[in-house]
Every structure is written in structure tokens, then in C-alpha cells.
file model_25.cif (mmCIF, C-alpha atoms, pLDDT in the B column; chains and numbers go by the auth columns)
data_protein
loop_
_atom_site.group_PDB
_atom_site.id
_atom_site.type_symbol
_atom_site.label_atom_id
_atom_site.label_comp_id
_atom_site.label_asym_id
_atom_site.label_seq_id
_atom_site.Cartn_x
_atom_site.Cartn_y
_atom_site.Cartn_z
_atom_site.B_iso_or_equiv
_atom_site.auth_seq_id
_atom_site.auth_asym_id
ATOM 1 C CA TRP A 1 4.575 11.865 -25.619 58.00 1 B
ATOM 2 C CA ARG A 2 6.584 9.549 -27.757 67.00 2 B
ATOM 3 C CA ASP A 3 9.590 9.281 -25.453 74.00 3 B
ATOM 4 C CA ILE A 4 11.160 10.754 -22.337 73.00 4 B
ATOM 5 C CA ASP A 5 12.950 13.505 -24.287 81.00 5 B
ATOM 6 C CA SER A 6 9.700 14.840 -25.760 83.00 6 B
ATOM 7 C CA PHE A 7 8.179 14.694 -22.269 76.00 7 B
ATOM 8 C CA HIS A 8 11.045 16.801 -20.858 80.00 8 B
ATOM 9 C CA GLN A 9 10.693 19.268 -23.754 84.00 9 B
ATOM 10 C CA HIS A 10 7.010 19.651 -22.963 84.00 10 B
ATOM 11 C CA LEU A 11 7.720 20.268 -19.272 82.00 11 B
ATOM 12 C CA ALA A 12 10.343 22.922 -20.061 86.00 12 B
ATOM 13 C CA GLN A 13 7.600 25.466 -20.851 88.00 13 B
ATOM 14 C CA TYR A 14 6.407 25.500 -17.219 86.00 14 B
ATOM 15 C CA ASP A 15 7.897 27.311 -14.218 83.00 15 B
ATOM 16 C CA ALA A 16 6.922 24.497 -11.853 75.00 16 B
ATOM 17 C CA VAL A 17 5.770 20.916 -12.225 72.00 17 B
ATOM 18 C CA ILE A 18 4.369 18.787 -9.437 69.00 18 B
ATOM 19 C CA LEU A 19 5.209 15.100 -9.693 64.00 19 B
ATOM 20 C CA SER A 20 2.835 12.939 -7.689 64.00 20 B
ATOM 21 C CA ALA A 21 2.669 9.668 -9.563 59.00 21 B
ATOM 22 C CA GLY A 22 4.326 7.546 -6.881 69.00 22 B
ATOM 23 C CA ALA A 23 6.524 4.628 -7.884 71.00 23 B
ATOM 24 C CA GLY A 24 5.661 5.177 -11.548 73.00 24 B
ATOM 25 C CA LEU A 25 8.025 8.170 -11.551 71.00 25 B
ATOM 26 C CA LEU A 26 11.003 5.815 -11.316 71.00 26 B
ATOM 27 C CA HIS A 27 9.488 2.874 -13.189 70.00 27 B
ATOM 28 C CA ASP A 28 8.668 5.090 -16.177 73.00 28 B
ATOM 29 C CA GLN A 29 12.010 6.942 -15.826 72.00 29 B
ATOM 30 C CA LEU A 30 10.401 10.366 -15.387 70.00 30 B
ATOM 31 C CA ILE A 31 12.992 10.725 -12.663 71.00 31 B
ATOM 32 C CA THR A 32 16.123 8.628 -12.256 71.00 32 B
ATOM 33 C CA LYS A 33 18.400 7.694 -9.384 65.00 33 B
ATOM 34 C CA GLU A 34 20.819 10.266 -10.828 58.00 34 B
ATOM 35 C CA ASP A 35 18.302 13.003 -9.964 67.00 35 B
ATOM 36 C CA GLU A 36 19.383 12.385 -6.351 69.00 36 B
ATOM 37 C CA LEU A 37 15.938 12.716 -4.851 73.00 37 B
ATOM 38 C CA PRO A 38 15.813 11.373 -1.281 77.00 38 B
ATOM 39 C CA VAL A 39 13.485 8.492 -2.157 79.00 39 B
ATOM 40 C CA ASN A 40 13.469 4.715 -2.370 79.00 40 B
ATOM 41 C CA LEU A 41 11.248 2.151 -4.021 82.00 41 B
ATOM 42 C CA VAL A 42 9.811 -0.109 -1.343 88.00 42 B
ATOM 43 C CA ARG A 43 7.963 -3.361 -1.975 92.00 43 B
ATOM 44 C CA GLY A 44 4.846 -3.983 0.086 93.00 44 B
ATOM 45 C CA GLN A 45 2.656 -7.049 0.410 96.00 45 B
ATOM 46 C CA SER A 46 -0.782 -7.329 1.958 96.00 46 B
ATOM 47 C CA ILE A 47 -3.188 -10.124 2.802 97.00 47 B
ATOM 48 C CA GLU A 48 -6.858 -10.383 1.868 96.00 48 B
ATOM 49 C CA MET A 49 -8.927 -12.391 4.349 95.00 49 B
ATOM 50 C CA THR A 50 -12.531 -13.572 4.685 92.00 50 B
ATOM 51 C CA LEU A 51 -14.432 -13.804 7.936 86.00 51 B
ATOM 52 C CA SER A 52 -17.319 -16.199 7.377 73.00 52 B
ATOM 53 C CA ASP A 53 -19.138 -16.015 10.717 60.00 53 B
ATOM 54 C CA SER A 54 -20.677 -12.631 9.875 53.00 54 B
ATOM 55 C CA ASP A 55 -23.384 -12.857 12.556 47.00 55 B
ATOM 56 C CA ASP A 56 -20.720 -12.338 15.232 51.00 56 B
ATOM 57 C CA LEU A 57 -17.982 -10.304 13.562 54.00 57 B
ATOM 58 C CA GLY A 58 -16.114 -9.272 16.668 57.00 58 B
ATOM 59 C CA ILE A 59 -14.546 -6.611 14.448 59.00 59 B
ATOM 60 C CA ALA A 60 -15.992 -3.301 13.310 60.00 60 B
ATOM 61 C CA ASN A 61 -16.687 -2.858 9.615 67.00 61 B
ATOM 62 C CA GLU A 62 -14.372 0.141 9.527 71.00 62 B
ATOM 63 C CA GLY A 63 -10.699 0.753 8.865 78.00 63 B
ATOM 64 C CA LEU A 64 -8.161 0.509 11.668 76.00 64 B
ATOM 65 C CA MET A 65 -4.609 1.852 11.575 77.00 65 B
ATOM 66 C CA SER A 66 -1.763 1.586 14.051 74.00 66 B
ATOM 67 C CA GLY A 67 1.539 1.007 12.274 76.00 67 B
ATOM 68 C CA LYS A 68 -0.309 -1.480 10.041 87.00 68 B
ATOM 69 C CA TYR A 69 -3.857 -1.336 8.695 89.00 69 B
ATOM 70 C CA VAL A 70 -6.964 -3.513 8.660 90.00 70 B
ATOM 71 C CA LEU A 71 -9.550 -2.346 6.130 88.00 71 B
ATOM 72 C CA PRO A 72 -12.881 -3.829 5.061 88.00 72 B
ATOM 73 C CA ILE A 73 -13.307 -4.689 1.390 86.00 73 B
ATOM 74 C CA LEU A 74 -16.837 -3.549 0.634 77.00 74 B
ATOM 75 C CA ALA A 75 -18.699 -5.728 -1.848 69.00 75 B
ATOM 76 C CA ASN A 76 -21.357 -4.225 -4.138 56.00 76 B
ATOM 77 C CA ASN A 77 -24.621 -3.648 -2.261 44.00 77 B
ATOM 78 C CA ILE A 78 -23.690 -5.988 0.613 48.00 78 B
ATOM 79 C CA ASP A 79 -22.991 -3.133 2.998 47.00 79 B
ATOM 80 C CA ALA A 80 -25.746 -0.799 1.832 48.00 80 B
ATOM 81 C CA PRO A 81 -27.869 0.630 4.684 50.00 81 B
ATOM 82 C CA GLY A 82 -30.816 -1.641 5.457 51.00 82 B
ATOM 83 C CA ASN A 83 -29.383 -4.600 3.576 50.00 83 B
ATOM 84 C CA GLN A 84 -29.808 -7.739 5.688 53.00 84 B
ATOM 85 C CA ASN A 85 -27.486 -9.826 3.546 54.00 85 B
ATOM 86 C CA LYS A 86 -25.145 -11.721 5.879 58.00 86 B
ATOM 87 C CA SER A 87 -22.473 -12.441 3.269 64.00 87 B
ATOM 88 C CA PRO A 88 -18.927 -13.135 4.412 72.00 88 B
ATOM 89 C CA GLN A 89 -16.940 -10.046 5.352 85.00 89 B
ATOM 90 C CA ARG A 90 -13.645 -9.471 3.521 90.00 90 B
ATOM 91 C CA PHE A 91 -10.669 -7.466 4.803 92.00 91 B
ATOM 92 C CA VAL A 92 -7.220 -6.404 3.654 94.00 92 B
ATOM 93 C CA ILE A 93 -4.337 -6.300 6.141 95.00 93 B
ATOM 94 C CA GLY A 94 -1.075 -4.630 5.253 93.00 94 B
ATOM 95 C CA ALA A 95 1.420 -3.892 4.339 93.00 95 B
ATOM 96 C CA THR A 96 4.960 -5.077 4.656 93.00 96 B
ATOM 97 C CA HIS A 97 7.861 -2.692 4.010 91.00 97 B
ATOM 98 C CA GLU A 98 10.462 -4.691 2.098 91.00 98 B
ATOM 99 C CA PHE A 99 13.802 -3.074 1.348 88.00 99 B
ATOM 100 C CA LYS A 100 15.738 -6.203 0.323 89.00 100 B
ATOM 101 C CA GLU A 101 16.162 -7.462 -3.229 88.00 101 B
ATOM 102 C CA ASP A 102 14.227 -10.683 -2.590 94.00 102 B
ATOM 103 C CA ALA A 103 10.552 -10.517 -1.639 94.00 103 B
ATOM 104 C CA LEU A 104 9.340 -12.053 1.597 96.00 104 B
ATOM 105 C CA THR A 105 7.873 -15.541 1.190 96.00 105 B
ATOM 106 C CA PRO A 106 4.122 -15.960 1.724 96.00 106 B
ATOM 107 C CA ASN A 107 4.810 -17.484 5.164 97.00 107 B
ATOM 108 C CA GLU A 108 7.050 -14.541 6.118 97.00 108 B
ATOM 109 C CA VAL A 109 4.376 -12.072 4.996 97.00 109 B
ATOM 110 C CA LEU A 110 1.770 -13.914 7.032 96.00 110 B
ATOM 111 C CA GLU A 111 3.993 -14.009 10.133 97.00 111 B
ATOM 112 C CA GLU A 112 4.987 -10.335 9.912 95.00 112 B
ATOM 113 C CA LEU A 113 1.508 -8.975 9.307 96.00 113 B
ATOM 114 C CA LYS A 114 -0.070 -11.183 11.962 96.00 114 B
ATOM 115 C CA SER A 115 2.499 -10.211 14.586 95.00 115 B
ATOM 116 C CA ARG A 116 2.051 -6.495 13.842 94.00 116 B
ATOM 117 C CA SER A 117 -1.748 -6.391 13.391 93.00 117 B
ATOM 118 C CA TYR A 118 -3.050 -9.059 15.768 94.00 118 B
ATOM 119 C CA PRO A 119 -3.986 -6.520 18.478 90.00 119 B
ATOM 120 C CA LEU A 120 -6.077 -4.636 15.886 86.00 120 B
ATOM 121 C CA ALA A 121 -7.918 -7.667 14.522 89.00 121 B
ATOM 122 C CA GLN A 122 -7.644 -10.609 16.894 91.00 122 B
ATOM 123 C CA HIS A 123 -11.061 -12.004 15.902 89.00 123 B
ATOM 124 C CA LEU A 124 -10.211 -11.812 12.205 90.00 124 B
ATOM 125 C CA TRP A 125 -6.897 -13.629 12.678 93.00 125 B
ATOM 126 C CA ASP A 126 -8.459 -16.263 14.953 93.00 126 B
ATOM 127 C CA HIS A 127 -11.536 -16.980 12.792 91.00 127 B
ATOM 128 C CA GLY A 128 -10.715 -15.705 9.304 93.00 128 B
ATOM 129 C CA THR A 129 -9.312 -17.392 6.223 94.00 129 B
ATOM 130 C CA VAL A 130 -6.452 -16.010 4.127 96.00 130 B
ATOM 131 C CA ASP A 131 -7.669 -15.682 0.523 95.00 131 B
ATOM 132 C CA ARG A 132 -4.639 -14.243 -1.245 95.00 132 B
ATOM 133 C CA LEU A 133 -1.563 -12.048 -1.024 96.00 133 B
ATOM 134 C CA THR A 134 -1.165 -8.888 -3.075 95.00 134 B
ATOM 135 C CA SER A 135 1.979 -6.888 -3.724 94.00 135 B
ATOM 136 C CA GLY A 136 2.993 -3.512 -5.022 90.00 136 B
ATOM 137 C CA VAL A 137 5.751 -0.912 -4.943 86.00 137 B
ATOM 138 C CA ARG A 138 5.605 2.482 -3.272 84.00 138 B
ATOM 139 C CA LEU A 139 7.834 5.518 -3.646 81.00 139 B
ATOM 140 C CA GLN A 140 8.917 6.449 -0.143 82.00 140 B
ATOM 141 C CA SER A 141 10.864 9.484 1.018 81.00 141 B
ATOM 142 C CA ASN A 142 13.865 8.960 3.259 83.00 142 B
ATOM 143 C CA ARG A 143 13.240 9.295 6.989 85.00 143 B
ATOM 144 C CA GLY A 144 14.390 12.585 8.501 86.00 144 B
ATOM 145 C CA LYS A 145 14.222 13.941 12.046 90.00 145 B
ATOM 146 C CA PHE A 146 10.475 14.589 11.544 87.00 146 B
ATOM 147 C CA GLY A 147 9.775 11.203 9.944 84.00 147 B
ATOM 148 C CA ARG A 148 8.926 10.749 6.285 78.00 148 B
ATOM 149 C CA MET A 149 7.920 14.061 4.777 75.00 149 B
ATOM 150 C CA PRO A 150 6.634 15.106 1.341 73.00 150 B
ATOM 151 C CA ILE A 151 9.386 16.367 -0.958 69.00 151 B
ATOM 152 C CA ILE A 152 9.138 19.945 -2.132 63.00 152 B
ATOM 153 C CA GLY A 153 11.894 21.542 -4.158 59.00 153 B
ATOM 154 C CA ARG A 154 13.267 22.545 -7.517 58.00 154 B
ATOM 155 C CA GLN A 155 15.157 20.416 -9.917 54.00 155 B
#
call {"tool": "encode", "arguments": {"input": "model_25.cif", "output": "C-alpha cells"}}
result
Amino acid sequence: WRDIDSFHQHLAQYDAVILSAGAGLLHDQLITKEDELPVNLVRGQSIEMTLSDSDDLGIANEGLMSGKYVLPILANNIDAPGNQNKSPQRFVIGATHEFKEDALTPNEVLEELKSRSYPLAQHLWDHGTVDRLTSGVRLQSNRGKFGRMPIIGRQ
């Protein structure tokens, strides 16, 4: 499509269209704030960490979730069955939910994620090294009495 008008003309031939492109729906103006969908754009930042003492991980090489998440970053062939390579283990911990105009500082991100994920990954926080911070934007539905639910409806 050349522009948003030609995109809307193309969609007009269908009875129903499912939009599932996340934050790109607003960024690319496929929907606008005027469409009055119960959604917000929410910034999120995560931390990538390395745990170098891989002989005694103290943490399972599997994802953990409990309000926040701790996920292994699998390197090519390092974690293949039977591979004895004891390379450093890498993890991602996230993510913040930032509703304010200004992003959290790196120190604020570190403090928030550590305070909320320390029970999940105490060994990682105590013995790991922060490599970098990443950030992104998610499209999030407004919270209702049943929490955040998918949006289904007609426009």
C-alpha cells in the first residue's frame, strides 16, 4: 500500500479484519487514538545479564515467570544435548512497565527489575554481570475487572 487511505480501501472489501500487530498499529497509524480503543502504548525495558560461573549455575536453564520474567538466551549450539561446552550463560530479565513520558534511567531500571525478580534469580543477581539494557513499546489493553483482556469488537 502506498498510504493509509489505500490500506483502508483494501480492508473495506472484507467483513472482518483481525489486527494483531501490537504497538505497530499505533506507530504506523493503522489505528489512531481517535478510534477510542481501550489501549495504551507502554514502554518496557529489560536487562541482559551473563553468569560466568557456569559450573555452578544455581539457576535452571529455563524460563521463570512471576510478575516479571527471567529467561535464558540460548547461544548457537552451546545448549545442544550432549554439548559439554561450559560457556557463560546469558539471561534476559524484564520488563518494566513505564507509563510516564520520560523513560526510567538505567539505575532505576536495574533497581526495579532487581527488586521484583530477585526471588526468582537470586544467584544470577548475586553472581551475574549486567551486559546491556534493551527497550521496546507494547500495545496494552486497559485493565478491567478481569485484568487485561484481548480486545474483540467491530469498528
call {"tool": "resolve_selection", "arguments": {"input": "model_25.cif", "expression": "the PyMOL selection byres ((chain B and resi 91) around 7)", "output": "PyMOL selection string"}}
result
chain B and resi 48-50+70-73+89-90+92-93
call {"tool": "closest_residue", "arguments": {"input": "model_25.cif", "among": "B:Leu37, B:Leu104, B:Leu51, B:Glu98", "to": "Ser141 (chain B)", "atoms": "all atoms listed in the file"}}
result
B:Leu37
call {"tool": "closest_residue", "arguments": {"input": "model_25.cif", "among": "B:Gln45, B:Asn40, B:Thr96, B:Ser115", "to": "Gly136 (chain B)", "atoms": "all atoms listed in the file"}}
result
B:Gln45
call {"tool": "resolve_selection", "arguments": {"input": "model_25.cif", "expression": "the PyMOL selection byres ((chain B and resi 65) around 12)", "output": "JSON, numbers by chain"}}
result
{"B": [62, 63, 64, 66, 67, 68, 69, 70, 71, 72, 92, 93, 94, 95, 116, 117, 118, 119, 120, 121]}
call {"tool": "residues_around", "arguments": {"input": "model_25.cif", "residues": "Asp102 (chain B)", "least_positions_apart": "5", "cutoff": "12 Å", "atoms": "all atoms listed in the file", "output": "number ranges by chain"}}
result
B: 42-44, 108
call {"tool": "atom_distance", "arguments": {"input": "model_25.cif", "atom1": "CA of Ser52 (chain B)", "atom2": "CA of Arg132 (chain B)"}}
result
15.5 Å
